[in-house]
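Asker: Before anything else, here's the structure in question.
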Amino acid sequence: MSRSTAVNRSGRTRSLPRLLRSRARRSVTLAAGVTALVAGSLSGMGPAQAATDPAPAPVSCPANLAQKATCYTGQDVNGAYYAIAVPRQWNGSLVVHAHGGPDLGEASDPERSLGDLERWSVMVDQGYAWAGSSYRRGGYGTRMAAADTENVRRLFVHEFGHPVRTFVHGQSWGGNVAAKVVEVFGGHGSYDGALLTNGVLGGGSRGYDYRVDLRVVYQYYCQNLPRPTEPPYPLWQGLRPTSTLTTAGLRARLQECTGYTSAPQDRTALQQRNLDDILAVTRIPERTLESHLRFSVFTFRDIVHDRLGDRNPFSNTGVRYSGSHDDKALNAGVERFSADPEARRDLSYDSDLTGRVTIPVLTLHAIDDPTAFIEHEAAYRATLEGAHRAKHLVQTFTTEHEHSELSNAEYANSIATLATWVRTGKKPTPRSVAATCAFHDRTYGTGCFYDPDFRPLPYASRVEPRPQGLAWPAMTAQQEKAWSRIDGVGIAP
């Protein structure tokens with residue numbers, strides 16, 4: 001396909017500029033199969049339901065894409081807002097983006113997908129069309145988010161024709177979403193490859209255990225979430241469902257207990273000891289302590305109360321905490337609980353990965369990622385190895401220290417490497433990926449920080465495993481198939 005043509009539904013090519021001009025003049029009723037998989041989100045994501053979606057409307061592109069692309073927004077019948085960009089010099093391929101989070105709140109955010117488009121404009125700058133969904137609601141739901149991601153791909157195809165190749169990209173929790181897209185939709189010819197960057201790839205049933213540990217260790221030392229004067233609740237709830245605590249209020253309580261925003265010399269001796277013990281036991285970096293605590297409070301409440309009907313999917317039974325000034329007292333006094341088996345099953349079904357991969361998957365991860373620890377990559381490799389699919393995986397690592405943003409040169413290099421792998425069938429190596437980055441850095445000047453010799457330690461080296469938590473995948477393909485037959489399994493969309 002040339003850069004100036006696209007394939008319409010009949011298979012004929014037509015001029016891309018003509019196609020884009022015509023989009024502003026016509027209104028299209030989307031055909032069967034365009035909606036996200038409402039029923040399938042609960043039971044294996046079966047065939048899509050027929051529905052009609054309003055056609056996407058032309059909008060001004062983000063400033064960094066002005067004169068480079070034509071942009072569109074819309075809202076599908078499930079309520080998910082989305083954004084689409086088609087470069088003026090389109091290379092014929094599409095990147096479908098799965099955003100991270102999850103953002104909390106029930107409504108889909110109409111600004112989210114446009115913000116993501118601006119943030120990931122490097123893909124459009126490299127000649128790829130781009131499509132991203134804000135998801136139909138906020139809150140946790142990996143299969144829901146995967147279905148909405150697939151939905152925006154289908155909508156793109158209906159409106160603009162079949163791309164030459166289609167890639168799915170996700171970062172942070174979006175990496176989990178994109179990995180779920182690969183497993184559920186990647187084997188049907190919908191996607192040719194996947195790029196997972198700084199991904200939460202340990203899945204839901206194990207990937208948040210260190211935040212479970214933070215929640216109970218924090219309360220042991222701080223005793224202010226809840227305070228003794230407030231109604232008690234089990235810590236696996238994250239927060240009492242009717243609580244009106246805000247993020248500012250949480251921040252104040254964390255400061256009260258640890259003085260984490262103060263200079264060390266301005267902290268009390270007790271604050272410093274509390275901070276030292278919490279960080280040492282949980283191995284959470286000080287710079288992301290607040291964000292991890294927010295997740296273990298507000299997002300846990302969303303998972304438990306809003307998504308699992310107040311059932312507990314978490315456990316710290318058998319975990320021995322160490323690294324504090326008095327481990328014996330800590331282990332004797334910390335709150336303990338065991339998961340409800342059905343709640344854990346539902347969280348696992350929603351977000352754990354089976355390793356059932358049939359397309360090339362390239363990962364990029366900062367070794368010092370303070371949010372999605374590098375050991376998530378070890379869990380993902382073990383998952384694919386357990387499913388005998390590791391031949392489809394190449395992992396790359398950089399010496400960067402951030403979670404939310406890596407070098408644009410590396411993003412451009414990664415998508416180019418993935419496209420070459422898909423086109424030629426020649427699997428790259430971490431060293432060959434590192435070697436090609438300099439070419440892209442001549443354009444972006446953001447640096448190349450690959451460490452081709454790095455290998456992460458096992459996930460259990462960072463997070464104390466729960467009983468039977470050493471084998472990967474956390475959910476086998478056989479389990480997924482069996483669970484999919486259970487009425488109402490998983491997390492509702």
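Each chain of the structure tokens is named A, B, ... in the order shown, its residues numbered from 1; ligands are numbered from 1 in display order.
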So that I can see what lies close to Tyr191 in chain A, please list as a list in words the residues with an atom at most 8 Å from it, counting only C-alpha atoms and leaving out residues fewer than 2 positions away in the same chain.

Answerer: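 Counting only C-alpha atoms, the residues come to Arg165, Thr166, Phe167, Val168, Val182, Phe185, Gly186, Gly187, His188, Gly189, Gly193, Ala194 and Ile359 of chain A.
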
Asker: I need the residue nearest His403 in chain A from this list: A:Gly100, A:Pro341, A:Gly139, A:Pro234. Use only C-alpha atoms for the distance.

Answerer: A:Gly100

Asker: Which residues in range 161-327 of chain A does DSSP call alpha helix (DSSP H)? List them as a PyMOL selection string.

Answerer: chain A and resi 173-185+204-207+209-222+247-258+269-282+289-294+300-301+327

Asker: Tell me, in Å to one decimal, how far CA of Val281 in chain A is from CA of Phe295 in chain A.

Answerer: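 Separating CA of Val281 in chain A from CA of Phe295 in chain A is a distance of 17.8 Å.
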